[in-house]
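Novice: Handing over run.txt, compact mmCIF, C-alpha atoms.
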```
# COMPACT_ATOMS: atom_id res chain seq x y z
CA MET A 1 -29.99 30.44 3.91
CA THR A 2 -28.88 29.79 7.52
CA ALA A 3 -27.12 26.93 9.29
CA GLU A 4 -30.56 25.63 10.27
CA ALA A 5 -30.98 24.49 6.67
CA LEU A 6 -28.39 21.79 7.34
CA ASP A 7 -29.67 18.33 8.25
CA PRO A 8 -29.56 18.45 12.08
CA LEU A 9 -28.94 14.71 12.24
CA ILE A 10 -25.70 15.03 10.30
CA HIS A 11 -24.73 18.48 11.57
CA VAL A 12 -23.03 17.12 14.70
CA PRO A 13 -19.22 16.70 14.59
CA ALA A 14 -19.15 12.99 15.46
CA ARG A 15 -22.01 12.06 13.12
CA LEU A 16 -20.58 14.15 10.31
CA GLN A 17 -17.29 12.31 10.71
CA ILE A 18 -19.04 8.93 10.68
CA MET A 19 -20.99 9.79 7.52
CA ALA A 20 -17.92 11.30 5.81
CA ALA A 21 -15.71 8.31 6.59
CA LEU A 22 -18.31 5.77 5.40
CA ALA A 23 -18.95 7.76 2.21
CA THR A 24 -15.38 7.09 1.07
CA LEU A 25 -16.18 3.36 0.78
CA PRO A 26 -17.55 2.07 -2.52
CA ASP A 27 -21.21 1.01 -2.67
CA GLY A 28 -21.67 -2.48 -1.27
CA ASP A 29 -18.76 -2.29 1.18
CA GLN A 30 -18.94 -2.22 4.96
CA LEU A 31 -16.51 -1.05 7.61
CA SER A 32 -15.99 -2.83 10.90
CA PHE A 33 -16.98 -1.01 14.07
CA LYS A 34 -13.40 -1.24 15.33
CA ARG A 35 -11.88 0.26 12.17
CA LEU A 36 -14.44 3.06 12.12
CA GLN A 37 -13.67 3.77 15.76
CA ASP A 38 -9.94 3.94 14.99
CA MET A 39 -10.54 6.26 12.06
CA ILE A 40 -12.62 8.86 13.86
CA GLU A 41 -11.25 8.31 17.38
CA LEU A 42 -14.48 8.05 19.35
CA THR A 43 -15.07 5.94 22.44
CA PRO A 44 -17.12 2.77 21.77
CA GLY A 45 -20.05 4.06 23.82
CA ASN A 46 -20.08 7.38 22.04
CA LEU A 47 -19.84 5.74 18.64
CA ILE A 48 -22.68 3.31 19.37
CA THR A 49 -24.93 6.20 20.43
CA HIS A 50 -24.30 8.12 17.20
CA LEU A 51 -24.56 5.03 15.01
CA ARG A 52 -27.92 4.21 16.56
CA LYS A 53 -29.27 7.67 15.74
CA LEU A 54 -28.07 7.47 12.16
CA GLU A 55 -29.44 3.95 11.79
CA GLU A 56 -32.85 5.01 13.11
CA ALA A 57 -32.91 7.72 10.44
CA GLY A 58 -32.12 5.09 7.78
CA TYR A 59 -28.77 6.68 6.93
CA LEU A 60 -26.74 3.58 7.69
CA THR A 61 -27.10 -0.09 8.41
CA THR A 62 -25.25 -2.21 10.92
CA SER A 63 -24.83 -5.95 10.69
CA LYS A 64 -23.39 -8.38 13.19
CA THR A 65 -21.66 -11.62 12.28
CA GLY A 66 -20.48 -14.36 14.64
CA SER A 67 -21.13 -14.50 18.35
CA GLY A 68 -19.27 -13.95 21.59
CA PRO A 69 -15.80 -12.39 21.57
CA ALA A 70 -15.39 -13.29 17.88
CA SER A 71 -18.47 -11.33 16.86
CA ARG A 72 -17.99 -8.47 14.47
CA THR A 73 -20.19 -5.50 13.79
CA SER A 74 -20.01 -3.84 10.39
CA VAL A 75 -21.41 -0.49 9.34
CA ALA A 76 -22.35 0.79 5.88
CA LEU A 77 -23.97 3.89 4.48
CA THR A 78 -27.38 3.34 2.84
CA ASN A 79 -28.42 5.02 -0.41
CA ASP A 80 -30.54 7.40 1.67
CA GLY A 81 -27.51 8.17 3.84
CA ARG A 82 -25.32 8.86 0.82
CA HIS A 83 -28.01 11.09 -0.66
CA ALA A 84 -28.47 12.92 2.66
CA LEU A 85 -24.73 13.61 2.83
CA GLU A 86 -24.77 14.95 -0.74
CA ILE A 87 -27.59 17.32 0.15
CA TYR A 88 -25.77 18.30 3.33
CA ALA A 89 -22.56 19.08 1.40
CA THR A 90 -24.46 21.06 -1.23
CA THR A 91 -26.27 23.07 1.42
CA LEU A 92 -23.00 23.64 3.25
CA ARG A 93 -21.38 24.97 0.12
CA GLY A 94 -24.30 27.26 -0.50
CA LEU A 95 -23.96 28.62 3.01
CA LEU A 96 -20.21 29.16 2.64
CA ASN A 97 -20.67 30.92 -0.67
CA GLY A 98 -23.16 33.19 1.00
CA VAL A 99 -21.10 34.10 4.04
CA SER A 100 -17.54 34.30 2.73
CA ALA A 101 -15.26 34.48 -0.28
CA VAL A 102 -14.70 30.73 -0.40
CA PRO A 103 -14.40 29.61 -4.08
CA ALA A 104 -17.67 28.52 -5.64
CA ALA A 105 -18.60 24.90 -6.19
CA SER A 106 -18.49 23.58 -9.71
CA GLY A 107 -21.30 21.13 -9.08
CA SER A 108 -24.10 20.39 -6.72
CA HIS A 109 -22.97 16.95 -5.62
CA LEU A 110 -20.06 15.29 -3.89
CA ASP A 111 -17.25 14.24 -6.19
CA ARG A 112 -16.61 10.55 -6.91
CA HIS A 113 -14.73 10.24 -3.63
CA GLY A 114 -17.61 11.82 -1.75
CA ALA A 115 -15.84 15.15 -1.09
CA ILE A 116 -17.20 18.62 -1.59
CA PRO A 117 -16.17 19.59 -5.12
CA GLY A 118 -14.07 22.75 -5.15
CA MET B 119 -20.99 23.97 14.74
CA GLU B 120 -20.26 26.78 12.29
CA PRO B 121 -20.66 25.94 8.56
CA ARG B 122 -16.99 26.71 7.97
CA GLU B 123 -15.98 24.31 10.73
CA ALA B 124 -18.36 21.66 9.34
CA ALA B 125 -16.84 22.02 5.85
CA ARG B 126 -13.35 21.68 7.29
CA LEU B 127 -14.34 18.61 9.30
CA LEU B 128 -16.08 16.97 6.34
CA ALA B 129 -13.15 17.51 3.97
CA GLN B 130 -10.54 16.57 6.56
CA THR B 131 -12.36 13.37 7.59
CA GLN B 132 -12.74 12.27 3.99
CA ALA B 133 -9.12 13.03 3.16
CA ASP B 134 -7.94 11.11 6.24
CA ALA B 135 -10.24 8.18 5.44
CA ARG B 136 -9.08 7.97 1.83
CA ARG B 137 -5.44 8.07 2.94
CA SER B 138 -6.09 5.39 5.52
CA LEU B 139 -7.91 3.11 3.06
CA ASP B 140 -5.40 3.45 0.21
CA PHE B 141 -2.49 1.01 0.37
CA ARG B 142 -0.56 2.82 -2.37
CA ALA B 143 1.07 5.21 0.08
CA PRO B 144 4.14 7.20 -1.05
CA TRP B 145 6.37 5.28 1.37
CA VAL B 146 5.50 2.01 -0.44
CA SER B 147 6.72 3.51 -3.72
CA LEU B 148 9.79 4.89 -1.98
CA VAL B 149 10.74 1.44 -0.63
CA ALA B 150 10.13 -0.04 -4.09
CA ALA B 151 12.42 2.59 -5.66
CA VAL B 152 15.25 1.72 -3.26
CA VAL B 153 14.65 -2.00 -3.81
CA ALA B 154 14.77 -1.58 -7.61
CA LEU B 155 17.96 0.45 -7.55
CA ALA B 156 19.75 -1.77 -5.02
CA GLY B 157 18.49 -5.10 -6.40
CA PHE B 158 19.12 -4.49 -10.10
CA GLY B 159 22.21 -2.42 -9.28
CA ILE B 160 24.01 -5.19 -7.39
CA VAL B 161 23.38 -7.67 -10.21
CA TRP B 162 24.55 -5.14 -12.81
CA LEU B 163 27.79 -4.59 -10.84
CA ASN B 164 28.21 -8.35 -10.89
CA VAL B 165 27.65 -8.92 -14.62
CA ARG B 166 28.80 -5.69 -16.29
CA ASN B 167 32.29 -7.00 -17.08
CA GLN B 168 31.24 -10.51 -18.15
CA HIS B 169 32.41 -11.29 -21.67
CA PRO B 170 30.76 -13.53 -22.67
CA PHE B 171 27.71 -13.18 -20.44
CA THR B 172 27.36 -16.18 -18.12
CA GLY B 173 24.69 -14.88 -15.73
CA PRO B 174 24.66 -13.33 -12.26
CA SER B 175 26.49 -15.03 -9.40
CA PRO B 176 24.42 -16.97 -6.83
CA ALA B 177 25.34 -14.42 -4.14
CA SER B 178 24.03 -11.47 -6.15
CA LEU B 179 20.89 -13.41 -7.00
CA VAL B 180 20.27 -14.19 -3.32
CA PHE B 181 20.55 -10.45 -2.61
CA PHE B 182 18.27 -9.65 -5.56
CA TYR B 183 15.55 -12.10 -4.55
CA ALA B 184 15.79 -11.04 -0.89
CA LEU B 185 15.00 -7.49 -1.98
CA ILE B 186 12.13 -8.71 -4.18
CA ALA B 187 10.79 -10.55 -1.11
CA LEU B 188 11.12 -7.33 0.90
CA ARG B 189 9.13 -5.47 -1.76
CA ILE B 190 6.39 -8.11 -1.73
CA ALA B 191 6.32 -8.05 2.08
CA THR B 192 5.91 -4.25 2.21
CA VAL B 193 3.03 -4.37 -0.28
CA ILE B 194 1.31 -7.14 1.68
CA PHE B 195 1.81 -5.20 4.93
CA ALA B 196 0.49 -1.94 3.45
CA TYR B 197 -2.45 -3.70 1.79
CA THR B 198 -3.42 -5.64 4.91
CA ARG B 199 -3.21 -2.51 7.06
CA ALA B 200 -5.29 -0.45 4.63
CA ARG B 201 -7.98 -3.09 4.10
CA THR B 202 -8.39 -4.20 7.71
CA GLY B 203 -12.04 -4.07 8.71
CA ILE B 204 -13.41 -3.69 5.19
CA SER B 205 -15.80 -6.28 3.87
CA GLY B 206 -18.32 -6.48 1.07
CA ASP B 207 -18.45 -6.46 -2.70
CA SER B 208 -15.03 -4.90 -3.37
CA VAL B 209 -13.27 -7.58 -1.32
CA GLU B 210 -14.94 -10.27 -3.42
CA VAL B 211 -14.05 -8.46 -6.64
CA GLN B 212 -10.40 -8.16 -5.54
CA ARG B 213 -10.25 -11.91 -4.84
CA HIS B 214 -11.49 -12.64 -8.34
CA GLU B 215 -9.03 -10.14 -9.79
CA ALA B 216 -6.13 -11.72 -7.91
CA ALA B 217 -7.12 -15.16 -9.24
CA ALA B 218 -7.43 -13.82 -12.80
CA MET B 219 -4.05 -12.04 -12.58
CA GLY B 220 -2.40 -15.21 -11.21
CA ALA B 221 -3.87 -17.25 -14.06
CA ALA B 222 -2.72 -14.69 -16.64
CA LEU B 223 0.81 -14.77 -15.21
CA LEU B 224 0.81 -18.57 -15.32
CA VAL B 225 -0.26 -18.56 -18.97
CA TRP B 226 2.50 -16.04 -19.71
CA TYR B 227 5.13 -18.27 -18.11
CA VAL B 228 3.94 -21.27 -20.09
CA LEU B 229 4.36 -19.13 -23.19
CA LEU B 230 7.85 -18.04 -22.09
CA ILE B 231 8.88 -21.65 -21.50
CA ALA B 232 7.57 -22.55 -24.94
CA ILE B 233 9.59 -19.72 -26.51
CA ALA B 234 12.70 -20.69 -24.55
CA SER B 235 12.33 -24.35 -25.57
CA SER B 236 11.69 -23.62 -29.24
CA ALA B 237 15.37 -23.38 -30.09
CA HIS B 238 18.78 -23.13 -28.49
CA HIS B 239 19.58 -19.61 -27.36
CA SER B 240 22.38 -17.85 -25.51
CA THR B 241 22.38 -17.48 -21.71
CA GLY B 242 21.68 -13.77 -22.13
CA PHE B 243 18.50 -14.50 -24.11
CA TYR B 244 17.04 -16.62 -21.31
CA TRP B 245 17.86 -14.02 -18.66
CA SER B 246 16.40 -11.23 -20.77
CA LEU B 247 13.27 -13.24 -21.51
CA GLY B 248 12.78 -14.15 -17.85
CA LEU B 249 13.40 -10.69 -16.41
CA ASN B 250 11.99 -8.32 -19.03
CA GLY B 251 9.24 -10.77 -19.94
CA THR B 252 8.10 -10.93 -16.32
CA LEU B 253 8.13 -7.14 -15.93
CA ILE B 254 6.18 -6.65 -19.17
CA ALA B 255 3.65 -9.33 -18.20
CA LEU B 256 3.14 -7.84 -14.72
CA ALA B 257 2.81 -4.35 -16.18
CA ALA B 258 0.32 -5.52 -18.82
CA ILE B 259 -1.81 -7.35 -16.25
CA TRP B 260 -1.77 -4.33 -13.90
CA ALA B 261 -2.56 -1.95 -16.76
CA GLY B 262 -5.55 -4.11 -17.75
CA ARG B 263 -6.83 -4.24 -14.19
CA SER B 264 -6.35 -0.47 -13.77
CA ALA B 265 -8.09 0.27 -17.06
CA ILE B 266 -11.12 -1.73 -15.94
CA HIS B 267 -11.22 0.41 -12.77
CA LYS B 268 -10.52 3.58 -14.80
CA THR B 269 -7.55 4.45 -12.59
CA TRP B 270 -5.61 6.07 -15.45
CA PRO B 271 -2.54 7.15 -13.44
CA GLN B 272 -1.96 3.47 -12.64
CA VAL B 273 -2.39 2.58 -16.33
CA ALA B 274 0.28 5.17 -17.17
CA LEU B 275 2.56 3.82 -14.44
CA ALA B 276 2.19 0.25 -15.72
CA ALA B 277 2.81 1.35 -19.31
CA ALA B 278 5.99 3.12 -18.20
CA VAL B 279 7.19 -0.07 -16.44
CA ALA B 280 6.58 -2.05 -19.66
CA LEU B 281 8.46 0.58 -21.66
CA ILE B 282 11.46 0.45 -19.30
CA ALA B 283 11.51 -3.36 -19.55
CA ALA B 284 11.35 -3.13 -23.35
CA VAL B 285 14.31 -0.73 -23.35
CA GLY B 286 16.03 -3.14 -20.96
CA ALA B 287 15.54 -5.97 -23.45
CA ILE B 288 17.16 -3.85 -26.16
CA ALA B 289 20.05 -2.99 -23.82
CA GLY B 290 21.10 -6.63 -23.67
CA PRO B 291 21.81 -9.07 -20.83
CA ARG B 292 24.29 -6.79 -19.04
CA GLY B 293 22.74 -3.39 -19.67
CA MET B 294 19.19 -4.50 -18.85
CA TRP B 295 19.97 -4.63 -15.12
CA LEU B 296 21.14 -1.03 -15.16
CA VAL B 297 18.24 0.17 -17.36
CA ASN B 298 15.62 -1.55 -15.22
CA GLY B 299 17.26 -0.49 -11.94
CA VAL B 300 17.63 3.19 -12.79
CA GLY B 301 14.42 3.38 -14.83
CA LEU B 302 12.21 1.78 -12.21
CA CYS B 303 13.87 3.77 -9.43
CA VAL B 304 13.21 7.10 -11.19
CA LEU B 305 9.66 6.06 -12.08
CA LEU B 306 8.84 4.96 -8.53
CA LEU B 307 10.41 8.08 -7.02
CA ALA B 308 8.24 10.16 -9.34
CA ASP B 309 5.21 8.12 -8.27
CA ALA B 310 6.06 8.72 -4.59
CA ALA B 311 6.52 12.45 -5.25
CA ILE B 312 3.21 12.70 -7.11
CA GLY B 313 1.49 10.78 -4.30
CA THR B 314 2.92 13.14 -1.70
CA TRP B 315 1.98 16.18 -3.77
CA ARG B 316 -1.59 14.91 -4.16
CA ARG B 317 -1.91 14.34 -0.44
CA ARG B 318 -0.66 17.84 0.25
CA GLY B 319 -3.11 19.12 -2.35
CA THR B 320 -5.92 17.49 -0.42
CA GLN B 321 -4.78 19.24 2.76
CA THR B 322 -4.65 22.58 0.91
CA HIS B 323 -8.16 21.90 -0.41
CA THR B 324 -9.28 21.22 3.15
CA VAL B 325 -7.87 24.51 4.39
CA ARG B 326 -9.26 26.39 1.40
CA THR B 327 -12.81 25.11 1.92
CA GLY B 328 -12.94 25.04 5.65
CA ALA B 329 -10.37 27.11 7.52
```
Can I see the file as structure tokens?
Specialist:
Amino acid sequence: MTAEALDPLIHVPARLQIMAALATLPDGDQLSFKRLQDMIELTPGNLITHLRKLEEAGYLTTSKTGSGPASRTSVALTNDGRHALEIYATTLRGLLNGVSAVPAASGSHLDRHGAIPG
Amino acid sequence: MEPREAARLLAQTQADARRSLDFRAPWVSLVAAVVALAGFGIVWLNVRNQHPFTGPSPASLVFFYALIALRIATVIFAYTRARTGISGDSVEVQRHEAAAMGAALLVWYVLLIAIASSAHHSTGFYWSLGLNGTLIALAAIWAGRSAIHKTWPQVALAAAVALIAAVGAIAGPRGMWLVNGVGLCVLLLADAAIGTWRRRGTQTHTVRTGA
């Protein structure tokens, strides 16, 4: 297995951070654009570009409430996005087990917090 | 991006996000420990030589309630900061939980008033009922809420608070201030230490999987 087996849409530092941060939220919750930006420290333009790509792939949804300066954009991971991140993490662990002495995973999915089980 | 770097980034981002979204930070427990020790301690110093027990002085009570207000303010600050920007189902659930917990506390106080009014008791009885009763009620409500969410460490913490309050009730109107002050302080310091240890464990996990 090579790094090419990893989902290319997620395998970009900024998008991986977006997906990882959103995966820590419970199902049914959304995060505001501003809070997400603060958490992963991207410029607004950069964040919008990556969010758009992930949204086009169906990995996340964005919703806007209000209008004008009071408007608020919220972002949430979709079920497909959560599943894609699980597959990504599983593949990543497989790759690491193949290339180094990193301890083996005890399961094939993310733990309940969405982290790679170790 | 190398797989090892991706694993490090994934684990680090999730650890940072969880820390950022959790209002139960070790510093909140640390402040609570200091508040418990100072608040209960000052009242204990005030009442320990009272024979018979007549109750804490107004000055010590002002100090006590000011510290309680400080504790509430730190929790509100930490909660607001952690939950900023989050919307959705969990926010709605938490609103319902807050309403249910408020109602349960109200029912408990009605029950306490009924007990207090049932017969004439000593001043110490009323203070013990009010203080230890409140702590036990808060602990029971929090334990119930935590059990529903299956957050077992919080259930254990709440049970320990109830146990300390029960021991406080046995210790009497003077001793209960000392028991609750020292007991809660030790418990909250332990909670802060465990929280810090867990956070460090997450960092170690990050390094182990990704560095």
Novice: Quick one: which residues from chain A are at most 6 Å off chain B, using all atoms listed in the file, as a VMD selection string?
Specialist: chain A and resid 17 20 to 21 28 to 32 35
Novice: What does the distance between CA of Gly293 in chain B and CA of Ile160 in chain B come to in Å, to one decimal place?
Specialist: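 About the pair CA of Gly293 in chain B and CA of Ile160 in chain B: they are 12.5 Å apart.
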Novice: May I ask which of the residues B:Ala280, B:Val273, B:Leu302, B:Ala310 is the closest one to Asn250 in chain B, counting all atoms listed in the file?
Specialist: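 Of B:Ala280, B:Val273, B:Leu302, B:Ala310, the one nearest Asn250 in chain B, counting all atoms listed in the file, is B:Ala280.
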Novice: Between CA of Leu6 in chain A and CA of Thr73 in chain A, measure the distance and give it in Å to one decimal.
Specialist: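 If I compute the distance from CA of Leu6 in chain A to CA of Thr73 in chain A, I get 29.2 Å.
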Novice: To box range 38-55 of chain A, take all atoms listed in the file, fit an axis-aligned box, add 4 Å on each side, and give centre and edge lengths in Å to one decimal, as AutoDock Vina command-line options.
Specialist:
```
--center_x -19.7 --center_y 5.8 --center_z 17.8 --size_x 27.5 --size_y 14.1 --size_z 20.0
```
Novice: Would you compute the distance between CA of Gly251 in chain B and CA of Tyr227 in chain B? Give it in Å to one decimal.
Specialist: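 According to the coordinates, CA of Gly251 in chain B and CA of Tyr227 in chain B are separated by 8.7 Å.
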Novice: Within 12 Å of Ala5 in chain A, counting all atoms listed in the file, which residues show up once you throw out same-chain ones fewer than 3 positions away? Write them as a list in words, please.
Specialist: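 Once the nearby chain positions are removed, what remains is Met1, Thr2, Pro8, Leu9, Ile10, His11, Ile87, Tyr88, Ala89, Thr90, Thr91, Leu92, Arg93, Gly94 and Leu95 of chain A; Pro121 of chain B.
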Novice: For Thr49 in chain A, which of A:Leu77, A:Leu36, A:Ala14, A:Met19 is the closest residue, counting all atoms listed in the file?
Specialist: A:Ala14
